[in-house]
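Chemist: To be precise about what I am sending: the file is called input_15.cif and holds mmCIF, C-alpha atoms.
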```cif
data_protein
#
loop_
_atom_site.group_PDB
_atom_site.id
_atom_site.type_symbol
_atom_site.label_atom_id
_atom_site.label_comp_id
_atom_site.auth_asym_id
_atom_site.auth_seq_id
_atom_site.Cartn_x
_atom_site.Cartn_y
_atom_site.Cartn_z
ATOM 1 C CA MET A 603 35.525 -119.160 54.396
ATOM 2 C CA ARG A 604 34.392 -116.009 52.714
ATOM 3 C CA LEU A 605 34.821 -117.587 49.286
ATOM 4 C CA TRP A 606 32.812 -120.607 50.275
ATOM 5 C CA GLY A 607 30.121 -118.406 51.728
ATOM 6 C CA THR A 608 29.927 -116.395 48.529
ATOM 7 C CA LEU A 609 29.812 -119.522 46.421
ATOM 8 C CA LEU A 610 27.126 -121.002 48.607
ATOM 9 C CA PHE A 611 25.074 -117.847 48.504
ATOM 10 C CA GLY A 612 25.454 -117.564 44.741
ATOM 11 C CA THR A 613 24.505 -121.172 44.246
ATOM 12 C CA ALA A 614 21.464 -120.750 46.424
ATOM 13 C CA LEU A 615 20.464 -117.624 44.575
ATOM 14 C CA ALA A 616 20.892 -119.295 41.189
ATOM 15 C CA GLY A 617 18.976 -122.330 42.369
ATOM 16 C CA ALA A 618 16.150 -120.163 43.621
ATOM 17 C CA GLY A 619 16.000 -118.309 40.328
ATOM 18 C CA LEU A 620 16.076 -121.540 38.385
ATOM 19 C CA ALA A 621 13.336 -123.009 40.545
ATOM 20 C CA ARG A 622 11.178 -119.956 40.076
ATOM 21 C CA TYR A 623 11.722 -120.024 36.326
ATOM 22 C CA VAL A 624 10.891 -123.735 36.126
ATOM 23 C CA ARG A 625 7.777 -123.277 38.211
ATOM 24 C CA ASP A 626 6.529 -120.306 36.194
ATOM 25 C CA ARG A 627 7.346 -122.031 32.925
ATOM 26 C CA SER A 628 5.586 -125.197 34.031
ATOM 27 C CA GLN A 629 2.525 -123.246 35.077
ATOM 28 C CA THR A 630 2.507 -121.320 31.821
ATOM 29 C CA THR A 631 3.001 -124.210 29.416
ATOM 30 C CA GLY A 632 1.573 -127.037 31.478
ATOM 31 C CA GLN A 633 4.730 -129.076 31.052
ATOM 32 C CA SER A 634 6.391 -131.025 33.818
ATOM 33 C CA TYR A 635 9.364 -129.671 35.707
ATOM 34 C CA LEU A 636 11.657 -132.244 34.112
ATOM 35 C CA THR A 637 10.569 -131.257 30.634
ATOM 36 C CA VAL A 638 11.135 -127.620 31.371
ATOM 37 C CA LEU A 639 14.601 -128.417 32.702
ATOM 38 C CA ARG A 640 15.431 -130.453 29.604
ATOM 39 C CA GLN A 641 14.281 -127.604 27.374
ATOM 40 C CA LEU A 642 16.291 -125.090 29.352
ATOM 41 C CA PRO A 643 19.440 -125.130 27.122
ATOM 42 C CA SER A 644 17.460 -124.694 23.920
ATOM 43 C CA GLU A 645 15.392 -121.974 25.552
ATOM 44 C CA ALA A 646 18.552 -120.257 26.654
ATOM 45 C CA ARG A 647 19.994 -120.451 23.155
ATOM 46 C CA ARG A 648 16.767 -119.224 21.661
ATOM 47 C CA GLY A 649 16.565 -116.368 24.147
ATOM 48 C CA TYR A 650 20.187 -115.490 23.553
ATOM 49 C CA GLY A 651 19.663 -115.435 19.807
ATOM 50 C CA GLU A 652 16.525 -113.403 20.156
ATOM 51 C CA VAL A 653 18.184 -110.884 22.442
ATOM 52 C CA ARG A 654 21.126 -110.692 20.084
ATOM 53 C CA ARG A 655 18.877 -110.116 17.089
ATOM 54 C CA ARG A 656 16.920 -107.465 18.930
ATOM 55 C CA ALA A 657 20.116 -105.829 20.109
ATOM 56 C CA GLN A 658 21.471 -105.683 16.561
ATOM 57 C CA LEU A 659 18.265 -104.158 15.269
ATOM 58 C CA ALA A 660 18.142 -101.731 18.199
ATOM 59 C CA VAL A 661 21.733 -100.659 17.578
ATOM 60 C CA GLY A 662 20.923 -100.058 13.926
ATOM 61 C CA ASP A 663 17.862 -98.024 14.847
ATOM 62 C CA GLY A 664 19.869 -96.078 17.409
ATOM 63 C CA LEU A 665 22.606 -95.247 14.940
ATOM 64 C CA GLN A 666 20.072 -94.126 12.377
ATOM 65 C CA ALA A 667 18.275 -91.989 14.958
ATOM 66 C CA ALA A 668 21.589 -90.454 16.043
ATOM 67 C CA ARG A 669 22.474 -89.610 12.448
ATOM 68 C CA ASP A 670 19.057 -88.066 11.890
ATOM 69 C CA ARG A 671 19.316 -85.991 15.041
ATOM 70 C CA ASP A 672 22.830 -84.871 14.158
ATOM 71 C CA THR A 673 21.657 -83.854 10.693
ATOM 72 C CA ARG A 674 18.721 -81.918 12.103
ATOM 73 C CA VAL A 675 20.871 -80.107 14.661
ATOM 74 C CA ASP A 676 23.472 -79.309 12.015
ATOM 75 C CA ARG A 677 20.799 -77.928 9.712
ATOM 76 C CA ALA A 678 19.316 -75.844 12.519
ATOM 77 C CA LEU A 679 22.699 -74.409 13.456
ATOM 78 C CA THR A 680 23.497 -73.649 9.837
ATOM 79 C CA SER A 681 20.220 -71.831 9.317
ATOM 80 C CA ALA A 682 20.681 -69.885 12.561
ATOM 81 C CA ALA A 683 24.236 -68.758 11.740
ATOM 82 C CA PRO A 684 24.599 -65.068 10.662
ATOM 83 C CA HIS A 685 25.252 -64.517 7.051
ATOM 84 C CA ASP A 686 27.670 -61.798 5.574
ATOM 85 C CA THR A 687 25.290 -59.468 3.743
ATOM 86 C CA ALA A 688 27.559 -56.350 3.738
ATOM 87 C CA PRO A 689 28.796 -55.486 0.251
ATOM 88 C CA ALA A 690 32.492 -55.978 -0.244
ATOM 89 C CA SER A 691 34.227 -52.479 -0.572
ATOM 90 C CA MET B 763 55.078 43.322 -47.344
ATOM 91 C CA THR B 764 52.871 41.416 -49.613
ATOM 92 C CA ASP B 765 54.920 38.388 -49.106
ATOM 93 C CA ALA B 766 54.600 38.815 -45.360
ATOM 94 C CA LEU B 767 50.860 39.217 -45.622
ATOM 95 C CA THR B 768 50.710 36.217 -47.971
ATOM 96 C CA THR B 769 52.693 34.252 -45.527
ATOM 97 C CA VAL B 770 50.494 35.330 -42.644
ATOM 98 C CA ALA B 771 47.390 34.622 -44.665
ATOM 99 C CA ALA B 772 48.741 31.263 -45.665
ATOM 100 C CA SER B 773 49.739 30.346 -42.114
ATOM 101 C CA ALA B 774 46.527 31.518 -40.375
ATOM 102 C CA PRO B 775 44.833 28.083 -40.523
ATOM 103 C CA SER B 776 47.983 26.467 -39.415
ATOM 104 C CA MET B 777 48.204 28.705 -36.370
ATOM 105 C CA ALA B 778 44.575 27.977 -35.468
ATOM 106 C CA LEU B 779 45.268 24.290 -35.640
ATOM 107 C CA ARG B 780 48.295 24.737 -33.489
ATOM 108 C CA TYR B 781 46.346 26.618 -30.838
ATOM 109 C CA ALA B 782 43.623 24.039 -30.931
ATOM 110 C CA ALA B 783 46.166 21.285 -30.545
ATOM 111 C CA ALA B 784 47.812 23.098 -27.676
ATOM 112 C CA PHE B 785 44.475 23.532 -25.956
ATOM 113 C CA PHE B 786 43.664 19.872 -26.522
ATOM 114 C CA LEU B 787 46.943 18.800 -25.082
ATOM 115 C CA VAL B 788 46.452 21.000 -22.055
ATOM 116 C CA VAL B 789 42.980 19.540 -21.468
ATOM 117 C CA VAL B 790 44.291 16.018 -21.906
ATOM 118 C CA GLY B 791 47.103 16.752 -19.491
ATOM 119 C CA ILE B 792 44.698 18.065 -16.900
ATOM 120 C CA GLY B 793 42.534 14.949 -17.322
ATOM 121 C CA LEU B 794 45.517 12.678 -16.984
ATOM 122 C CA ILE B 795 46.652 14.446 -13.865
ATOM 123 C CA TYR B 796 43.212 14.067 -12.355
ATOM 124 C CA ALA B 797 43.054 10.379 -13.300
ATOM 125 C CA LEU B 798 46.476 9.716 -11.900
ATOM 126 C CA VAL B 799 45.607 11.488 -8.666
ATOM 127 C CA ARG B 800 42.496 9.349 -8.313
ATOM 128 C CA ALA B 801 44.396 6.204 -9.183
ATOM 129 C CA GLY B 802 46.998 7.088 -6.607
ATOM 130 C CA GLY B 803 44.315 7.437 -3.970
ATOM 131 C CA THR B 804 42.818 4.123 -4.973
ATOM 132 C CA LEU B 805 46.163 2.423 -4.884
ATOM 133 C CA LYS B 806 46.809 3.912 -1.487
ATOM 134 C CA SER B 807 43.516 2.488 -0.224
ATOM 135 C CA ALA B 808 44.306 -0.869 -1.771
ATOM 136 C CA ASP B 809 47.715 -0.834 -0.190
ATOM 137 C CA LYS B 810 46.160 -0.106 3.160
ATOM 138 C CA LEU B 811 43.604 -2.855 2.661
ATOM 139 C CA LEU B 812 46.258 -5.350 1.717
ATOM 140 C CA ALA B 813 48.251 -4.381 4.762
ATOM 141 C CA ASP B 814 45.216 -4.935 6.947
ATOM 142 C CA VAL B 815 44.425 -8.277 5.297
ATOM 143 C CA ASP B 816 48.021 -9.352 5.622
ATOM 144 C CA GLY B 817 47.968 -8.504 9.292
ATOM 145 C CA GLU B 818 44.799 -10.519 9.871
ATOM 146 C CA VAL B 819 45.222 -13.500 7.557
ATOM 147 C CA VAL B 820 48.694 -14.512 8.576
ATOM 148 C CA PRO B 821 47.745 -15.151 12.209
ATOM 149 C CA LEU B 822 44.685 -17.021 10.969
ATOM 150 C CA LEU B 823 46.852 -19.169 8.755
ATOM 151 C CA LYS B 824 49.169 -19.833 11.642
ATOM 152 C CA GLN B 825 46.220 -20.885 13.769
ATOM 153 C CA ALA B 826 44.867 -23.058 10.983
ATOM 154 C CA THR B 827 48.244 -24.721 10.618
ATOM 155 C CA GLU B 828 48.422 -25.401 14.321
ATOM 156 C CA THR B 829 44.875 -26.757 14.278
ATOM 157 C CA LEU B 830 45.679 -29.048 11.381
ATOM 158 C CA ASP B 831 48.792 -30.259 13.124
ATOM 159 C CA GLY B 832 46.767 -31.060 16.217
ATOM 160 C CA LEU B 833 44.125 -32.710 14.099
ATOM 161 C CA ASN B 834 46.720 -34.877 12.400
ATOM 162 C CA THR B 835 48.088 -35.853 15.771
ATOM 163 C CA GLU B 836 44.619 -36.780 16.987
ATOM 164 C CA LEU B 837 43.970 -38.696 13.775
ATOM 165 C CA ASP B 838 47.166 -40.647 14.336
ATOM 166 C CA LYS B 839 45.959 -41.519 17.815
ATOM 167 C CA VAL B 840 42.553 -42.495 16.438
ATOM 168 C CA ASP B 841 44.298 -44.666 13.858
ATOM 169 C CA VAL B 842 46.192 -46.427 16.615
ATOM 170 C CA VAL B 843 42.978 -46.833 18.613
ATOM 171 C CA MET B 844 41.158 -48.174 15.574
ATOM 172 C CA SER B 845 43.949 -50.665 14.943
ATOM 173 C CA SER B 846 43.645 -51.842 18.523
ATOM 174 C CA VAL B 847 39.881 -52.058 18.183
ATOM 175 C CA VAL B 848 40.249 -54.119 15.000
ATOM 176 C CA GLU B 849 42.665 -56.474 16.727
ATOM 177 C CA VAL B 850 40.369 -56.780 19.726
ATOM 178 C CA THR B 851 37.412 -57.419 17.430
ATOM 179 C CA GLU B 852 39.300 -60.131 15.594
ATOM 180 C CA LYS B 853 40.276 -61.738 18.877
ATOM 181 C CA VAL B 854 36.694 -61.542 20.114
ATOM 182 C CA ASP B 855 35.529 -63.109 16.862
ATOM 183 C CA GLN B 856 38.069 -65.912 17.148
ATOM 184 C CA THR B 857 37.127 -66.462 20.768
ATOM 185 C CA THR B 858 33.456 -66.513 19.897
ATOM 186 C CA ARG B 859 34.052 -69.045 17.157
ATOM 187 C CA ALA B 860 36.147 -71.195 19.468
ATOM 188 C CA VAL B 861 33.525 -71.064 22.191
ATOM 189 C CA GLU B 862 30.803 -71.755 19.667
ATOM 190 C CA SER B 863 32.595 -74.800 18.299
ATOM 191 C CA ALA B 864 33.517 -75.939 21.804
ATOM 192 C CA VAL B 865 29.908 -75.730 22.878
ATOM 193 C CA THR B 866 28.155 -76.731 19.698
ATOM 194 C CA VAL B 867 30.077 -79.877 18.810
ATOM 195 C CA PRO B 868 29.645 -81.595 22.187
ATOM 196 C CA ALA B 869 26.036 -80.469 22.276
ATOM 197 C CA ARG B 870 25.453 -81.994 18.864
ATOM 198 C CA LYS B 871 27.197 -85.186 19.859
ATOM 199 C CA ALA B 872 25.313 -85.355 23.127
ATOM 200 C CA ALA B 873 21.995 -84.768 21.402
ATOM 201 C CA ALA B 874 22.761 -87.399 18.782
ATOM 202 C CA PHE B 875 23.959 -89.840 21.432
ATOM 203 C CA GLY B 876 20.885 -89.279 23.553
ATOM 204 C CA ALA B 877 18.576 -89.711 20.600
ATOM 205 C CA GLY B 878 20.409 -92.844 19.515
ATOM 206 C CA VAL B 879 20.338 -94.419 22.950
ATOM 207 C CA SER B 880 16.700 -93.515 23.432
ATOM 208 C CA GLN B 881 15.749 -94.929 20.066
ATOM 209 C CA ALA B 882 17.833 -98.066 20.637
ATOM 210 C CA VAL B 883 16.291 -98.735 24.048
ATOM 211 C CA SER B 884 12.824 -98.032 22.734
ATOM 212 C CA SER B 885 13.382 -100.280 19.742
ATOM 213 C CA PHE B 886 14.873 -103.054 21.898
ATOM 214 C CA PHE B 887 12.006 -103.137 24.334
ATOM 215 C CA SER B 888 9.308 -102.543 21.741
ATOM 216 C CA ARG B 889 10.475 -105.641 19.885
ATOM 217 C CA GLY B 890 10.386 -107.577 23.145
ATOM 218 C CA GLY B 891 6.630 -107.906 22.932
ATOM 219 C CA ASP B 892 6.826 -109.526 19.522
ATOM 220 C CA ALA B 893 9.024 -112.460 20.451
ATOM 221 C CA GLY B 894 9.127 -112.461 24.214
ATOM 222 C CA GLU B 895 6.829 -114.501 26.374
ATOM 223 C CA PRO B 896 4.647 -117.005 24.532
ATOM 224 C CA THR B 897 1.006 -116.120 24.110
ATOM 225 C CA ASP B 898 -1.890 -118.175 25.368
ATOM 226 C CA GLU B 899 -2.355 -119.683 21.933
ATOM 227 C CA ALA B 900 1.289 -120.688 21.840
ATOM 228 C CA ALA B 901 0.993 -122.087 25.355
ATOM 229 C CA GLY B 902 -1.965 -124.146 24.269
ATOM 230 C CA ALA B 903 -0.077 -125.419 21.259
ATOM 231 C CA GLU B 904 2.847 -126.329 23.473
ATOM 232 C CA HIS B 905 0.536 -128.133 25.832
ATOM 233 C CA ALA B 906 -0.913 -130.131 22.938
ATOM 234 C CA ALA B 907 2.584 -130.888 21.718
ATOM 235 C CA ALA B 908 3.557 -132.070 25.178
ATOM 236 C CA THR B 909 0.566 -134.354 25.197
ATOM 237 C CA ASP B 910 1.557 -135.728 21.785
ATOM 238 C CA ARG B 911 5.091 -136.180 22.991
ATOM 239 C CA ASP B 912 3.981 -138.094 26.041
ATOM 240 C CA ALA B 913 1.913 -140.329 23.840
ATOM 241 C CA ALA B 914 4.814 -140.736 21.456
ATOM 242 C CA GLY B 915 7.043 -141.648 24.363
ATOM 243 C CA ALA B 916 4.579 -144.287 25.405
ATOM 244 C CA ASP B 917 4.450 -145.585 21.859
ATOM 245 C CA ALA B 918 8.210 -145.601 21.625
ATOM 246 C CA SER B 919 8.480 -147.648 24.746
ATOM 247 C CA ALA B 920 5.813 -149.979 23.395
ATOM 248 C CA GLY B 921 6.946 -150.208 19.776
ATOM 249 C CA PRO B 922 8.482 -148.343 16.840
ATOM 250 C CA ARG B 923 8.591 -144.538 17.048
ATOM 251 C CA ARG B 924 5.723 -142.711 15.440
ATOM 252 C CA PRO B 925 6.914 -139.940 13.103
ATOM 253 C CA GLU B 926 5.988 -136.456 14.202
ATOM 254 C CA THR B 927 4.754 -133.687 12.010
ATOM 255 C CA GLY B 928 6.728 -130.516 11.556
ATOM 256 C CA ALA B 929 4.344 -128.408 13.604
ATOM 257 C CA SER B 930 4.260 -130.792 16.535
ATOM 258 C CA ALA B 931 8.034 -131.175 16.434
ATOM 259 C CA ALA B 932 8.458 -127.469 16.490
ATOM 260 C CA THR B 933 5.963 -126.877 19.237
ATOM 261 C CA ALA B 934 7.455 -129.671 21.284
ATOM 262 C CA VAL B 935 10.600 -127.607 21.756
ATOM 263 C CA GLY B 936 8.862 -124.443 22.779
ATOM 264 C CA MET B 937 8.197 -122.739 19.462
ATOM 265 C CA SER B 938 4.868 -121.112 18.908
ATOM 266 C CA GLY B 939 2.538 -121.982 16.068
ATOM 267 C CA HIS B 940 3.598 -118.926 14.103
ATOM 268 C CA GLU B 941 7.254 -119.816 14.475
ATOM 269 C CA ALA B 942 6.497 -123.357 13.416
ATOM 270 C CA ALA B 943 4.737 -122.070 10.294
ATOM 271 C CA VAL B 944 7.796 -119.930 9.495
ATOM 272 C CA PRO B 945 10.607 -122.215 10.575
ATOM 273 C CA HIS B 946 13.540 -120.193 9.213
ATOM 274 C CA GLU B 947 12.427 -116.815 10.484
ATOM 275 C CA GLY B 948 14.693 -116.865 13.468
ATOM 276 C CA THR B 949 17.681 -118.284 11.703
ATOM 277 C CA ALA B 950 17.373 -115.842 8.836
ATOM 278 C CA ALA B 951 17.560 -112.954 11.278
ATOM 279 C CA ARG B 952 20.460 -114.497 13.141
ATOM 280 C CA PRO B 953 23.199 -115.121 10.619
ATOM 281 C CA ALA B 954 25.873 -114.872 13.303
ATOM 282 C CA THR B 955 24.582 -117.993 15.043
ATOM 283 C CA PRO B 956 23.374 -120.235 12.291
ATOM 284 C CA GLY B 957 21.210 -123.012 13.529
ATOM 285 C CA ALA B 958 21.407 -121.845 17.109
ATOM 286 C CA GLY B 959 17.668 -122.276 17.446
ATOM 287 C CA THR B 960 16.605 -124.966 15.033
ATOM 288 C CA THR B 961 19.603 -127.219 15.264
ATOM 289 C CA ALA B 962 19.735 -127.050 19.018
ATOM 290 C CA ASP B 963 16.001 -127.567 19.200
ATOM 291 C CA THR B 964 16.226 -130.606 17.007
ATOM 292 C CA THR B 965 19.101 -131.930 19.077
ATOM 293 C CA ASP B 966 17.196 -131.402 22.272
ATOM 294 C CA GLU B 967 14.150 -132.989 20.741
ATOM 295 C CA THR B 968 16.132 -136.020 19.705
ATOM 296 C CA SER B 969 17.749 -136.365 23.075
ATOM 297 C CA GLU B 970 14.420 -135.785 24.728
ATOM 298 C CA VAL B 971 12.673 -138.479 22.679
ATOM 299 C CA SER B 972 15.495 -140.914 23.181
ATOM 300 C CA GLY B 973 15.681 -140.129 26.862
ATOM 301 C CA GLY B 974 12.000 -139.994 27.680
#
```
Starting from the file, lay out its structure as structure tokens.
Modeler:
Amino acid sequence: MRLWGTLLFGTALAGAGLARYVRDRSQTTGQSYLTVLRQLPSEARRGYGEVRRRAQLAVGDGLQAARDRDTRVDRALTSAAPHDTAPAS
Amino acid sequence: MTDALTTVAASAPSMALRYAAAFFLVVVGIGLIYALVRAGGTLKSADKLLADVDGEVVPLLKQATETLDGLNTELDKVDVVMSSVVEVTEKVDQTTRAVESAVTVPARKAAAFGAGVSQAVSSFFSRGGDAGEPTDEAAGAEHAAATDRDAAGADASAGPRRPETGASAATAVGMSGHEAAVPHEGTAARPATPGAGTTADTTDETSEVSGG
């Protein structure tokens, strides 16, 4: 009973989200609901590819930023470290 | 008699010399006695002085020896203390280095991680405006493409299918005008999913035209 309730609730939630997306998309593009539904798989693939491309670029930028920050911190610590200036006896 | 007088006359200078020599010897003897008496007094004073110095210096030397012994003992203790201080200093230095590395390395990693995550999130969402929601111009192009598609569907139902241009075909599947002008922009940036956009779009377009 609990499983069926969860499934029903999830299905209703997904349907509501899908309906909202179709309505907003139809209002934005002026296309019919059926057209928007037919374009949904390609839109999903396109969105997935776009998100994946952006994620790859963002990961690259993040790694580069992390390396830069690590280099700057290392340089700052090295310059702040005390140096041995006493002559060797 | 003459011989005696001759002898006396001949020995008169000799006798004078002898008396002079005797007098000289007596004077020299008196001088030597005086000098020896004075030297004896001086030696007596020197002997007394040496006795006094000996009586004063020996205790001083004994005290100096004792002081040096005590000083050596204290120096030994200071040496031990200095050795302990050196060991403690080395341990403090090692501890400081360990604490420094234990604090610095995670701090560096955390700073780098934070900067990387911040930059990644910023980059991800800043690129969202470039290819996110379609603009009004793209919406208008899509609307025109939908109109063309409806007309094409009517023509297809009435007769042979009218060929579509590249721009209208692209906009019919939701691509903007810019994306239609650069058809391989998305696929070039997505080598992991080749043809995920264009091939699927074409497939959907075909199924859409055949279905509608």
Chemist: Can you tell me which residues surround Leu636 (chain A) at a distance of at most 12 Å, considering all atoms listed in the file, apart from same-chain residues fewer than 2 positions away, and format the answer as a list in words?
Modeler: Ala621, Val624, Arg625, Arg627, Ser628, Gly632, Gln633, Ser634, Val638, Leu639, Arg640, Gln641 and Leu642 of chain A; Glu970, Gly973 and Gly974 of chain B
Chemist: Quick check on the file I pasted: which residues fall under the PyMOL selection byres ((chain B and resi 880) around 12)? Write them as a ChimeraX atom specification.
Modeler: /A:660-661,663-668,671 /B:872-879,881-888
Chemist: Using all atoms listed in the file, which of the listed residues (B:Pro775, B:Pro868, B:Gly793, B:Gly802) sits closest to chain A?
Modeler: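 Looking at the shortest contact to chain A, the residue is B:Pro868.
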Chemist: Which residue is closest to chain B? Choose from A:Val675, A:Leu610, A:Ala682, A:Leu605 and count all atoms listed in the file.
Modeler: A:Val675
Chemist: What does the structure give for the distance between CA of Thr673 (chain A) and CA of Val865 (chain B), in Å to one decimal?
Modeler: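 CA of Val865 (chain B) lies 16.8 Å from CA of Thr673 (chain A).
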Chemist: Quick one: distance from CA of Asp676 (chain A) to CA of Val867 (chain B) in Å, one decimal?
Modeler: 9.5 Å
Chemist: When you count only C-alpha atoms, which of these residues is closest to chain A: B:Arg780, B:Arg870, B:Lys810, B:Lys824?
Modeler: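 The closest residue to chain A is B:Arg870.
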Chemist: Would you mind completing region 849-873 of chain B so that it carries N, CA and C atoms, and writing it out as an mmCIF file, in the frame of the given file?
Modeler:
```cif
data_model
loop_
_atom_site.group_PDB
_atom_site.id
_atom_site.type_symbol
_atom_site.label_atom_id
_atom_site.label_comp_id
_atom_site.auth_asym_id
_atom_site.auth_seq_id
_atom_site.Cartn_x
_atom_site.Cartn_y
_atom_site.Cartn_z
ATOM 1 N N GLU B 849 42.023 -55.274 16.169
ATOM 2 C CA GLU B 849 42.665 -56.474 16.727
ATOM 3 C C GLU B 849 41.785 -57.114 17.803
ATOM 4 N N VAL B 850 41.231 -56.241 18.669
ATOM 5 C CA VAL B 850 40.369 -56.780 19.726
ATOM 6 C C VAL B 850 39.136 -57.450 19.116
ATOM 7 N N THR B 851 38.592 -56.832 18.079
ATOM 8 C CA THR B 851 37.412 -57.419 17.430
ATOM 9 C C THR B 851 37.738 -58.767 16.815
ATOM 10 N N GLU B 852 38.902 -58.840 16.172
ATOM 11 C CA GLU B 852 39.300 -60.131 15.594
ATOM 12 C C GLU B 852 39.484 -61.191 16.676
ATOM 13 N N LYS B 853 40.092 -60.773 17.791
ATOM 14 C CA LYS B 853 40.276 -61.738 18.877
ATOM 15 C C LYS B 853 38.936 -62.173 19.463
ATOM 16 N N VAL B 854 38.029 -61.194 19.608
ATOM 17 C CA VAL B 854 36.694 -61.542 20.114
ATOM 18 C C VAL B 854 35.991 -62.488 19.155
ATOM 19 N N ASP B 855 36.161 -62.234 17.850
ATOM 20 C CA ASP B 855 35.529 -63.109 16.862
ATOM 21 C C ASP B 855 36.112 -64.516 16.930
ATOM 22 N N GLN B 856 37.439 -64.589 17.033
ATOM 23 C CA GLN B 856 38.069 -65.912 17.148
ATOM 24 C C GLN B 856 37.617 -66.624 18.418
ATOM 25 N N THR B 857 37.561 -65.842 19.502
ATOM 26 C CA THR B 857 37.127 -66.462 20.768
ATOM 27 C C THR B 857 35.688 -66.944 20.678
ATOM 28 N N THR B 858 34.860 -66.117 20.047
ATOM 29 C CA THR B 858 33.456 -66.513 19.897
ATOM 30 C C THR B 858 33.326 -67.776 19.075
ATOM 31 N N ARG B 859 34.109 -67.839 17.988
ATOM 32 C CA ARG B 859 34.052 -69.045 17.157
ATOM 33 C C ARG B 859 34.550 -70.275 17.925
ATOM 34 N N ALA B 860 35.624 -70.061 18.693
ATOM 35 C CA ALA B 860 36.147 -71.195 19.468
ATOM 36 C C ALA B 860 35.138 -71.671 20.501
ATOM 37 N N VAL B 861 34.528 -70.689 21.184
ATOM 38 C CA VAL B 861 33.525 -71.064 22.191
ATOM 39 C C VAL B 861 32.324 -71.723 21.524
ATOM 40 N N GLU B 862 31.954 -71.177 20.374
ATOM 41 C CA GLU B 862 30.803 -71.755 19.667
ATOM 42 C C GLU B 862 31.071 -73.207 19.279
ATOM 43 N N SER B 863 32.281 -73.417 18.702
ATOM 44 C CA SER B 863 32.595 -74.800 18.299
ATOM 45 C C SER B 863 32.754 -75.699 19.519
ATOM 46 N N ALA B 864 33.321 -75.125 20.602
ATOM 47 C CA ALA B 864 33.517 -75.939 21.804
ATOM 48 C C ALA B 864 32.199 -76.289 22.471
ATOM 49 N N VAL B 865 31.208 -75.446 22.274
ATOM 50 C CA VAL B 865 29.908 -75.730 22.878
ATOM 51 C C VAL B 865 29.015 -76.510 21.930
ATOM 52 N N THR B 866 29.096 -76.154 20.660
ATOM 53 C CA THR B 866 28.155 -76.731 19.698
ATOM 54 C C THR B 866 28.455 -78.195 19.412
ATOM 55 N N VAL B 867 29.735 -78.501 19.201
ATOM 56 C CA VAL B 867 30.077 -79.877 18.810
ATOM 57 C C VAL B 867 29.703 -80.888 19.901
ATOM 58 N N PRO B 868 30.099 -80.637 21.169
ATOM 59 C CA PRO B 868 29.645 -81.595 22.187
ATOM 60 C C PRO B 868 28.131 -81.628 22.335
ATOM 61 N N ALA B 869 27.505 -80.472 22.163
ATOM 62 C CA ALA B 869 26.036 -80.469 22.276
ATOM 63 C C ALA B 869 25.420 -81.313 21.170
ATOM 64 N N ARG B 870 25.971 -81.176 19.967
ATOM 65 C CA ARG B 870 25.453 -81.994 18.864
ATOM 66 C C ARG B 870 25.680 -83.470 19.138
ATOM 67 N N LYS B 871 26.900 -83.775 19.582
ATOM 68 C CA LYS B 871 27.197 -85.186 19.859
ATOM 69 C C LYS B 871 26.314 -85.730 20.976
ATOM 70 N N ALA B 872 26.140 -84.896 22.005
ATOM 71 C CA ALA B 872 25.313 -85.355 23.127
ATOM 72 C C ALA B 872 23.870 -85.558 22.685
ATOM 73 N N ALA B 873 23.376 -84.622 21.884
ATOM 74 C CA ALA B 873 21.995 -84.768 21.402
ATOM 75 C C ALA B 873 21.851 -86.013 20.533
#
```
